[in-house]
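**Student:** Below: one structure in structure tokens.
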Amino acid sequence: MKIKNIKYTAVAIFLGLGMSSCSDFLDRPVEDNYNTENYYTSDDACISGVNYLYNSPWYDFQRGYIKVGEVLSGNMYWGSSPYMNFSVNGTDQDLVSMSYSLWAVIGHANTVYQSLKSAKASESVKNQCMGECLAWKAMSYFFLVRTFGDVPIVHNNSDNIKNGDYNTLSKVQKSDVYDYIIMTLEKSMSLLPRTKSATGRIDYYCAEGLLAKVYLTKAGVSGTLNKDDLTKAAEYSNDVIENSGRTLLANYEDIFRGSKNASDESLFTWRWTVGSHWTCQNTLQSDLAPEGFDENGDCWGGWGGPSVDLMDAFGISPATDPSKRIDKDIRRKATIMMAGDTYSYFWRDHTMNNNKKGFNYLQFWYDKTYNKAATGQCQGPCGGNNVKNLYGDNADHIAEMNITPGRMANALATQILRLSDVYLIFAESEVLLGNTTNADALKAFNAVHQRAVPTDVEKKSLTFDDIWKERRLEFAGEGDRWYDYVRRSYYDVNACIKELTAQRRNAMWNCDGAYKTYYESGVWDASNIEYDTKTAAPNVTASSFTLPYPTEDVALNPNLGSNATPIHIDVRNTYSY
């Protein structure tokens with residue numbers, strides 16, 4: 001957790017806001033020698049001082065966020081990763097980086113928020129920027145409590161530095177942490193503008209969407225569903241739907257293209273840039289794309305990919321003749337690359353064997369005239385590879401974002417909370433309240449589902465299972481699925497355990513041989529494709545839904561240990577903004 005690092009975070013910001021130079025994403029003033037006394041003296045300076053909260057402190061969270069959200073949940077296969085078999089411990093580097101990154105976000109957000117209070121700028125911009133700080137702080141705490149369970153509350157860095165208690169803080173009961181997140185978001189909403197930003201900044205309705213998700217999650221934290229929390233989740237999510245002025249994008253795949261980095265769909269988004277300062281950039285393509293996917297020699301993700309279980313959920317199989325495969329759901333191709341797939345938005349400077357520009361999945365592996373780095377072997381361990389969080393090659397990046405990427409550096413925004421999530425939060429809240437035929441909930445659900453499967457008829461009533469599956473298919477590959485399990489485990493842990501242990505989480509063998517023959521001869525023979533039934537199902541228990549703190553942090557502060565009793569705090573009588 002490195003709460004002690006909050007001290008150094010605060011000092012770094014006071015001495016120069018060094019990380020704010022990662023603000024190519026938005027306008028920024030000219031840098032000079034400055035400190036908090038002479039820096040926040042204009043509207044532009046306030047905005048510049050907040051910009052980096054959209055990227056830099058989150059950088060070390062990226063890799064673990066995918067492994068927790070997608071591998072642990074069974075959406076993605078990742079070889080021998082401990083996230084595959086629920087053997088993650090406190091020394092796991094990805095988990096350690098996640099934790100440190102989340103606490104860095106909180107430390108920076110606290111410090112910038114306090115500094116902005118005395119800024120010499122317009123009240124509207126000061127309020128906007130302070131609201132953004134609190135919104136990101138709330139998001140960080142939301143990840144922390146869902147990942148680690150009971151966590152300390154760091155309300156004001158200066159208080160902890162003054163008291164010298166930043167390494168002796170006790171864990172706080174997660175129900176109280178949720179109350180703290182809610183209080184923080186309420187304050188954020190009181191400061192944020194209701195006008196929709198054209199550049200992707202957080203506004204009132206973005207924070208309200210997160211508040212709805214927090215209430216839906218908190219609803220089960222006591223072990224049974226709380227109707228008051230569900231009602232608030234429904235009210236807040238419906239207000240976003242009705243009054244935010246935002247609409248779902250017509251084409252699902254557009255959400256994840258660089259030219260749509262600031263679309264209506266994006267409520268909370270990491271907004272990366274390619275600049276001179278490390279940690280400002282998106283590096284997810286390196287972990288998720290196959291070798292040779294771009295020109296920068298920085299892709300090594302071909303040996304991981306979407307799981308067989310996720311393919312099952314989409315109703316498709318790598319053992320099916322690609323020419324006969326029926327893709328009912330358009331989200332499949334936008335999530336999983338498979339044999340027979342082509343993409344116009346990847347490799348637009350390459351000519352496929354049909355004389356059209358774009359990316360051909362099989363040609364990529366087997367044709368060196370098309371792909372100089374062709375390995376001659378399909379690496380996809382389950383017969384497919386990732387699509388989301390990829391930008392393509394240099395030509396694609398320039399076409400979409402008007403900037404050249406670098407090695408492990410791209411500017412594709414990472415979607416953290418989308419508008420469709422709010423639609424499904426509203427539908428789920430109403431269903432859990434027993435309102436299975438609520439007209440507005442049906443409208444919200446059908447809007448999401450029929451965008452993906454336009455041939456399906458509208459639902460006339462909803463079940464929890466309808467929404468549970470819809471969430472999986474809608475957000476697969478976006479780092480969210482594990483947190484759905486955490487939320488559900490609060491009040492229905494046995495159902496979560498049963499589902500996770502029944503998943504087809506293992507590799508699908510011999511896809512490469514069938515794919516290569518099919519590409520070279522047009523003959524489809526899947527007789528050797530075989531699912532790995534030898535690797536045992538993971539041992540999932542009730543304790544699996546809380547990940548361990550980094551070992552180093554527990555050694556420094558025993559109050560964080562698994563045997564340490566979390567304390568209760570009356571949040572609203574203890575803290576204020």
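By order in the structure tokens, chains are A, B, ...; within a chain, residues start at 1; ligands start at 1, following the order shown.
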Please run DSSP on the backbone and report, as number ranges by chain, all residues within region 323-366 of chain A that come out as strand (DSSP E or B).
**Tutor:** A: 336-337, 342-343, 351, 357, 359-360
**Student:** Taking the DSSP assignment computed from this structure's backbone, write out as a ChimeraX atom specification all residues of region 338-516 of chain A that belong to alpha helix (DSSP H).
**Tutor:** /A:361-366,394-401,419-432,439-452,464-475,481-501,511-516
**Student:** Can you work out which one of A:Ala409, A:Ile529, A:Thr551, A:Thr436 has the shortest atom-to-atom distance to Asp298 (chain A), counting only C-alpha atoms?
**Tutor:**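 Of A:Ala409, A:Ile529, A:Thr551, A:Thr436, the one nearest Asp298 (chain A), counting only C-alpha atoms, is A:Ala409.
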**Student:** Leaving out Arg63 (chain A) and any residue of its chain fewer than 2 positions from it, which residues lie within 10 Å of it when counting only C-alpha atoms, given as an mmCIF file with N, CA, C and O atoms, in the first residue's frame?
**Tutor:**
```cif
data_model
loop_
_atom_site.group_PDB
_atom_site.id
_atom_site.type_symbol
_atom_site.label_atom_id
_atom_site.label_comp_id
_atom_site.auth_asym_id
_atom_site.auth_seq_id
_atom_site.Cartn_x
_atom_site.Cartn_y
_atom_site.Cartn_z
ATOM 1 N N TYR A 59 -0.688 4.625 -14.082
ATOM 2 C CA TYR A 59 0.127 3.843 -15.018
ATOM 3 C C TYR A 59 0.427 2.435 -14.510
ATOM 4 O O TYR A 59 0.257 1.448 -15.224
ATOM 5 N N ASP A 60 0.864 2.311 -13.279
ATOM 6 C CA ASP A 60 1.254 1.002 -12.753
ATOM 7 C C ASP A 60 0.064 0.119 -12.403
ATOM 8 O O ASP A 60 0.244 -1.030 -12.008
ATOM 9 N N PHE A 61 -1.126 0.646 -12.560
ATOM 10 C CA PHE A 61 -2.334 -0.137 -12.323
ATOM 11 C C PHE A 61 -2.741 -0.947 -13.556
ATOM 12 O O PHE A 61 -3.465 -1.937 -13.451
ATOM 13 N N TYR A 65 -4.632 -4.564 -13.512
ATOM 14 C CA TYR A 65 -6.057 -4.333 -13.731
ATOM 15 C C TYR A 65 -6.620 -5.328 -14.744
ATOM 16 O O TYR A 65 -7.734 -5.838 -14.576
ATOM 17 N N ILE A 66 -5.860 -5.664 -15.763
ATOM 18 C CA ILE A 66 -6.309 -6.661 -16.742
ATOM 19 C C ILE A 66 -6.231 -8.062 -16.141
ATOM 20 O O ILE A 66 -7.146 -8.882 -16.312
ATOM 21 N N LYS A 67 -5.168 -8.357 -15.426
ATOM 22 C CA LYS A 67 -5.029 -9.713 -14.871
ATOM 23 C C LYS A 67 -6.087 -9.998 -13.816
ATOM 24 O O LYS A 67 -6.629 -11.101 -13.753
ATOM 25 N N VAL A 68 -6.386 -9.029 -12.972
ATOM 26 C CA VAL A 68 -7.437 -9.230 -11.984
ATOM 27 C C VAL A 68 -8.796 -9.277 -12.672
ATOM 28 O O VAL A 68 -9.568 -10.219 -12.509
ATOM 29 N N GLN A 93 4.061 -9.147 -8.293
ATOM 30 C CA GLN A 93 4.459 -7.799 -8.669
ATOM 31 C C GLN A 93 3.320 -6.995 -9.278
ATOM 32 O O GLN A 93 3.212 -5.775 -9.068
ATOM 33 N N ASP A 94 2.458 -7.651 -10.028
ATOM 34 C CA ASP A 94 1.329 -6.925 -10.609
ATOM 35 C C ASP A 94 0.379 -6.427 -9.529
ATOM 36 O O ASP A 94 -0.126 -5.300 -9.597
ATOM 37 N N LEU A 95 0.148 -7.258 -8.524
ATOM 38 C CA LEU A 95 -0.716 -6.849 -7.421
ATOM 39 C C LEU A 95 -0.074 -5.727 -6.618
ATOM 40 O O LEU A 95 -0.744 -4.767 -6.216
ATOM 41 N N SER A 97 2.062 -3.522 -7.728
ATOM 42 C CA SER A 97 1.999 -2.296 -8.531
ATOM 43 C C SER A 97 0.595 -1.703 -8.525
ATOM 44 O O SER A 97 0.431 -0.481 -8.478
ATOM 45 N N MET A 98 -0.408 -2.576 -8.587
ATOM 46 C CA MET A 98 -1.784 -2.087 -8.504
ATOM 47 C C MET A 98 -2.018 -1.306 -7.228
ATOM 48 O O MET A 98 -2.551 -0.191 -7.229
ATOM 49 N N THR A 283 0.199 1.452 -22.272
ATOM 50 C CA THR A 283 1.107 0.376 -22.689
ATOM 51 C C THR A 283 0.379 -0.963 -22.836
ATOM 52 O O THR A 283 1.023 -1.995 -23.008
ATOM 53 N N LEU A 284 -0.945 -0.961 -22.789
ATOM 54 C CA LEU A 284 -1.678 -2.222 -22.776
ATOM 55 C C LEU A 284 -1.494 -3.039 -24.052
ATOM 56 O O LEU A 284 -1.555 -4.267 -24.017
ATOM 57 N N SER A 286 1.120 -3.711 -25.573
ATOM 58 C CA SER A 286 2.287 -4.582 -25.428
ATOM 59 C C SER A 286 1.925 -5.902 -24.768
ATOM 60 O O SER A 286 2.385 -6.970 -25.174
ATOM 61 N N ASP A 287 1.093 -5.859 -23.737
ATOM 62 C CA ASP A 287 0.708 -7.071 -23.015
ATOM 63 C C ASP A 287 -0.356 -7.884 -23.735
ATOM 64 O O ASP A 287 -0.475 -9.089 -23.506
ATOM 65 N N LEU A 288 -1.128 -7.249 -24.598
ATOM 66 C CA LEU A 288 -2.316 -7.903 -25.134
ATOM 67 C C LEU A 288 -2.229 -8.252 -26.613
ATOM 68 O O LEU A 288 -3.008 -9.078 -27.092
ATOM 69 N N GLY A 479 -11.527 -5.228 -18.026
ATOM 70 C CA GLY A 479 -11.040 -5.230 -16.651
ATOM 71 C C GLY A 479 -12.099 -5.154 -15.582
ATOM 72 O O GLY A 479 -11.777 -4.897 -14.416
#
```
**Student:** A:Val571, A:Ala212, A:Leu500, A:Leu116: which is nearest Leu419 (chain A), counting only C-alpha atoms?
**Tutor:**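 Result for the nearest residue to Leu419 (chain A): A:Ala212.
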**Student:** Which residues of region 444-475 of chain A come within 10 Å of region 332-338 of chain A, and what is each one's closest atom pair and distance in Å (one decimal), counting only C-alpha atoms, sorted by chain and residue number, as JSON lines?
**Tutor:**
```
{"residue": "A:Ala452", "atom": "CA", "partner": "A:Arg332", "partner_atom": "CA", "distance": 9.1}
{"residue": "A:Leu473", "atom": "CA", "partner": "A:Arg332", "partner_atom": "CA", "distance": 7.9}
{"residue": "A:Glu474", "atom": "CA", "partner": "A:Thr335", "partner_atom": "CA", "distance": 9.3}
{"residue": "A:Phe475", "atom": "CA", "partner": "A:Thr335", "partner_atom": "CA", "distance": 9.0}
```
**Student:** Write out as a short mmCIF file (atom, residue, chain, number, x, y, z; two decimals) with C-alpha atoms, in the first residue's frame the residues lying within 7 Å of Gly304 (chain A), counting only C-alpha atoms and excluding same-chain residues fewer than 5 positions away.
**Tutor:**
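Okay, selection.cif is ready:
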```cif
data_model
loop_
_atom_site.label_atom_id
_atom_site.label_comp_id
_atom_site.auth_asym_id
_atom_site.auth_seq_id
_atom_site.Cartn_x
_atom_site.Cartn_y
_atom_site.Cartn_z
CA TYR A 77 -6.31 -17.26 -20.55
CA TRP A 78 -2.81 -16.29 -19.40
CA GLY A 79 -0.72 -19.48 -19.18
CA GLY A 380 -3.64 -17.74 -29.58
CA PRO A 381 -3.81 -20.33 -26.78
#
```
**Student:** Write out as an mmCIF file with N, CA, C and O atoms, in the first residue's frame which residues come within 8 Å of Tyr180 (chain A) when counting only C-alpha atoms, dropping same-chain ones fewer than 3 positions away.
**Tutor:**
```cif
data_model
loop_
_atom_site.group_PDB
_atom_site.id
_atom_site.type_symbol
_atom_site.label_atom_id
_atom_site.label_comp_id
_atom_site.auth_asym_id
_atom_site.auth_seq_id
_atom_site.Cartn_x
_atom_site.Cartn_y
_atom_site.Cartn_z
ATOM 1 N N ASP A 176 -17.950 0.955 5.692
ATOM 2 C CA ASP A 176 -17.627 2.359 5.964
ATOM 3 C C ASP A 176 -16.846 2.974 4.800
ATOM 4 O O ASP A 176 -17.008 4.165 4.502
ATOM 5 N N VAL A 177 -15.991 2.181 4.169
ATOM 6 C CA VAL A 177 -15.246 2.684 3.011
ATOM 7 C C VAL A 177 -16.218 3.052 1.897
ATOM 8 O O VAL A 177 -16.068 4.087 1.230
ATOM 9 N N MET A 183 -19.722 9.689 0.109
ATOM 10 C CA MET A 183 -19.581 11.061 0.578
ATOM 11 C C MET A 183 -18.665 11.856 -0.352
ATOM 12 O O MET A 183 -18.932 13.029 -0.672
ATOM 13 N N THR A 184 -17.591 11.225 -0.797
ATOM 14 C CA THR A 184 -16.636 11.884 -1.691
ATOM 15 C C THR A 184 -17.280 12.211 -3.031
ATOM 16 O O THR A 184 -17.082 13.304 -3.586
ATOM 17 N N VAL A 571 -18.279 7.768 9.210
ATOM 18 C CA VAL A 571 -17.614 8.556 8.174
ATOM 19 C C VAL A 571 -18.057 10.011 8.172
ATOM 20 O O VAL A 571 -17.238 10.940 8.184
ATOM 21 N N ARG A 572 -19.350 10.249 8.181
ATOM 22 C CA ARG A 572 -19.834 11.618 8.003
ATOM 23 C C ARG A 572 -19.618 12.490 9.232
ATOM 24 O O ARG A 572 -19.596 13.725 9.121
#
```
**Student:** Between A:Thr224, A:Ser259, A:Asn127, A:Ser101, which has the minimum distance to Arg487 (chain A) (counting only C-alpha atoms)?
**Tutor:** A:Thr224
**Student:** List as a PyMOL selection string the protein and nucleic acid residues near Ala138 (chain A), meaning an atom at most 12 Å away when only C-alpha atoms are counted, but skip any in the same chain fewer than 2 places from it.
**Tutor:** chain A and resi 102-103+105-107+109-110+131-136+140-145+153-155+177-189+207-208+210-211+213-214+268
**Student:** Mind dumping the selected residues with N, CA and C atoms as a short mmCIF file (atom, residue, chain, number, x, y, z; two decimals), in the first residue's frame?
**Tutor:**
```cif
data_model
loop_
_atom_site.label_atom_id
_atom_site.label_comp_id
_atom_site.auth_asym_id
_atom_site.auth_seq_id
_atom_site.Cartn_x
_atom_site.Cartn_y
_atom_site.Cartn_z
N LEU A 102 -2.83 2.76 -6.86
CA LEU A 102 -4.10 3.27 -6.33
C LEU A 102 -3.87 4.23 -5.18
N TRP A 103 -2.91 3.92 -4.31
CA TRP A 103 -2.62 4.85 -3.22
C TRP A 103 -1.97 6.13 -3.74
N VAL A 105 -2.74 7.55 -6.59
CA VAL A 105 -3.87 8.36 -7.07
C VAL A 105 -4.49 9.13 -5.92
N ILE A 106 -4.73 8.45 -4.81
CA ILE A 106 -5.36 9.09 -3.66
C ILE A 106 -4.46 10.19 -3.09
N GLY A 107 -3.17 9.90 -2.98
CA GLY A 107 -2.25 10.90 -2.46
C GLY A 107 -2.20 12.14 -3.33
N ALA A 109 -4.51 13.11 -5.60
CA ALA A 109 -5.82 13.77 -5.63
C ALA A 109 -6.03 14.62 -4.38
N ASN A 110 -5.65 14.07 -3.22
CA ASN A 110 -5.78 14.83 -1.97
C ASN A 110 -4.98 16.12 -2.01
N GLY A 131 -13.66 19.08 -8.18
CA GLY A 131 -14.58 17.96 -8.37
C GLY A 131 -13.94 16.80 -9.09
N GLU A 132 -13.08 17.10 -10.08
CA GLU A 132 -12.38 16.04 -10.79
C GLU A 132 -11.43 15.29 -9.85
N CYS A 133 -10.73 16.03 -9.01
CA CYS A 133 -9.83 15.39 -8.03
C CYS A 133 -10.60 14.38 -7.18
N LEU A 134 -11.73 14.80 -6.65
CA LEU A 134 -12.51 13.93 -5.77
C LEU A 134 -13.11 12.75 -6.53
N ALA A 135 -13.49 12.96 -7.78
CA ALA A 135 -14.04 11.86 -8.57
C ALA A 135 -12.98 10.78 -8.78
N TRP A 136 -11.76 11.19 -9.10
CA TRP A 136 -10.69 10.18 -9.29
C TRP A 136 -10.32 9.52 -7.97
N SER A 140 -10.48 5.50 -7.26
CA SER A 140 -9.37 4.73 -6.71
C SER A 140 -9.80 3.93 -5.49
N TYR A 141 -10.55 4.55 -4.61
CA TYR A 141 -11.05 3.83 -3.43
C TYR A 141 -12.01 2.71 -3.83
N PHE A 142 -12.76 2.93 -4.89
CA PHE A 142 -13.69 1.90 -5.37
C PHE A 142 -12.93 0.66 -5.82
N PHE A 143 -11.81 0.87 -6.50
CA PHE A 143 -10.96 -0.26 -6.89
C PHE A 143 -10.32 -0.91 -5.66
N LEU A 144 -9.86 -0.09 -4.72
CA LEU A 144 -9.19 -0.62 -3.54
C LEU A 144 -10.10 -1.51 -2.71
N VAL A 145 -11.32 -1.04 -2.42
CA VAL A 145 -12.20 -1.79 -1.53
C VAL A 145 -12.69 -3.07 -2.20
N ILE A 153 -8.51 4.66 5.45
CA ILE A 153 -8.99 5.89 4.82
C ILE A 153 -7.94 6.98 5.02
N VAL A 154 -7.49 7.55 3.93
CA VAL A 154 -6.55 8.67 3.96
C VAL A 154 -7.30 9.89 3.43
N HIS A 155 -7.79 10.69 4.34
CA HIS A 155 -8.65 11.81 3.95
C HIS A 155 -7.84 13.03 3.55
N VAL A 177 -15.99 2.18 4.17
CA VAL A 177 -15.25 2.68 3.01
C VAL A 177 -16.22 3.05 1.90
N TYR A 178 -17.24 2.22 1.69
CA TYR A 178 -18.25 2.56 0.69
C TYR A 178 -18.96 3.86 1.06
N ASP A 179 -19.25 4.05 2.34
CA ASP A 179 -19.87 5.31 2.77
C ASP A 179 -18.94 6.49 2.47
N TYR A 180 -17.64 6.28 2.65
CA TYR A 180 -16.68 7.34 2.38
C TYR A 180 -16.63 7.66 0.88
N ILE A 181 -16.68 6.64 0.05
CA ILE A 181 -16.71 6.85 -1.40
C ILE A 181 -17.94 7.64 -1.79
N ILE A 182 -19.07 7.27 -1.22
CA ILE A 182 -20.32 7.97 -1.52
C ILE A 182 -20.24 9.43 -1.10
N MET A 183 -19.72 9.69 0.11
CA MET A 183 -19.58 11.06 0.58
C MET A 183 -18.66 11.86 -0.35
N THR A 184 -17.59 11.23 -0.80
CA THR A 184 -16.64 11.88 -1.69
C THR A 184 -17.28 12.21 -3.03
N LEU A 185 -18.07 11.28 -3.56
CA LEU A 185 -18.74 11.53 -4.83
C LEU A 185 -19.82 12.60 -4.70
N GLU A 186 -20.52 12.62 -3.59
CA GLU A 186 -21.52 13.66 -3.39
C GLU A 186 -20.88 15.04 -3.41
N LYS A 187 -19.73 15.16 -2.75
CA LYS A 187 -19.03 16.44 -2.78
C LYS A 187 -18.54 16.75 -4.19
N SER A 188 -18.02 15.75 -4.85
CA SER A 188 -17.56 15.93 -6.23
C SER A 188 -18.68 16.44 -7.12
N MET A 189 -19.85 15.83 -6.99
CA MET A 189 -20.99 16.24 -7.82
C MET A 189 -21.45 17.66 -7.52
N ALA A 207 -19.73 11.46 -12.60
CA ALA A 207 -19.62 11.11 -11.18
C ALA A 207 -20.90 10.45 -10.69
N GLU A 208 -22.05 10.88 -11.18
CA GLU A 208 -23.31 10.28 -10.77
C GLU A 208 -23.41 8.83 -11.25
N LEU A 210 -20.88 6.80 -11.58
CA LEU A 210 -20.06 6.04 -10.65
C LEU A 210 -20.78 5.86 -9.32
N LEU A 211 -21.48 6.89 -8.86
CA LEU A 211 -22.23 6.80 -7.60
C LEU A 211 -23.29 5.69 -7.69
N LYS A 213 -23.10 3.00 -9.49
CA LYS A 213 -22.39 1.72 -9.45
C LYS A 213 -21.93 1.40 -8.04
N VAL A 214 -21.50 2.42 -7.31
CA VAL A 214 -21.09 2.22 -5.92
C VAL A 214 -22.28 1.76 -5.07
N PHE A 268 -15.77 7.61 -17.26
CA PHE A 268 -14.44 7.67 -16.64
C PHE A 268 -13.47 6.96 -17.58
#
```
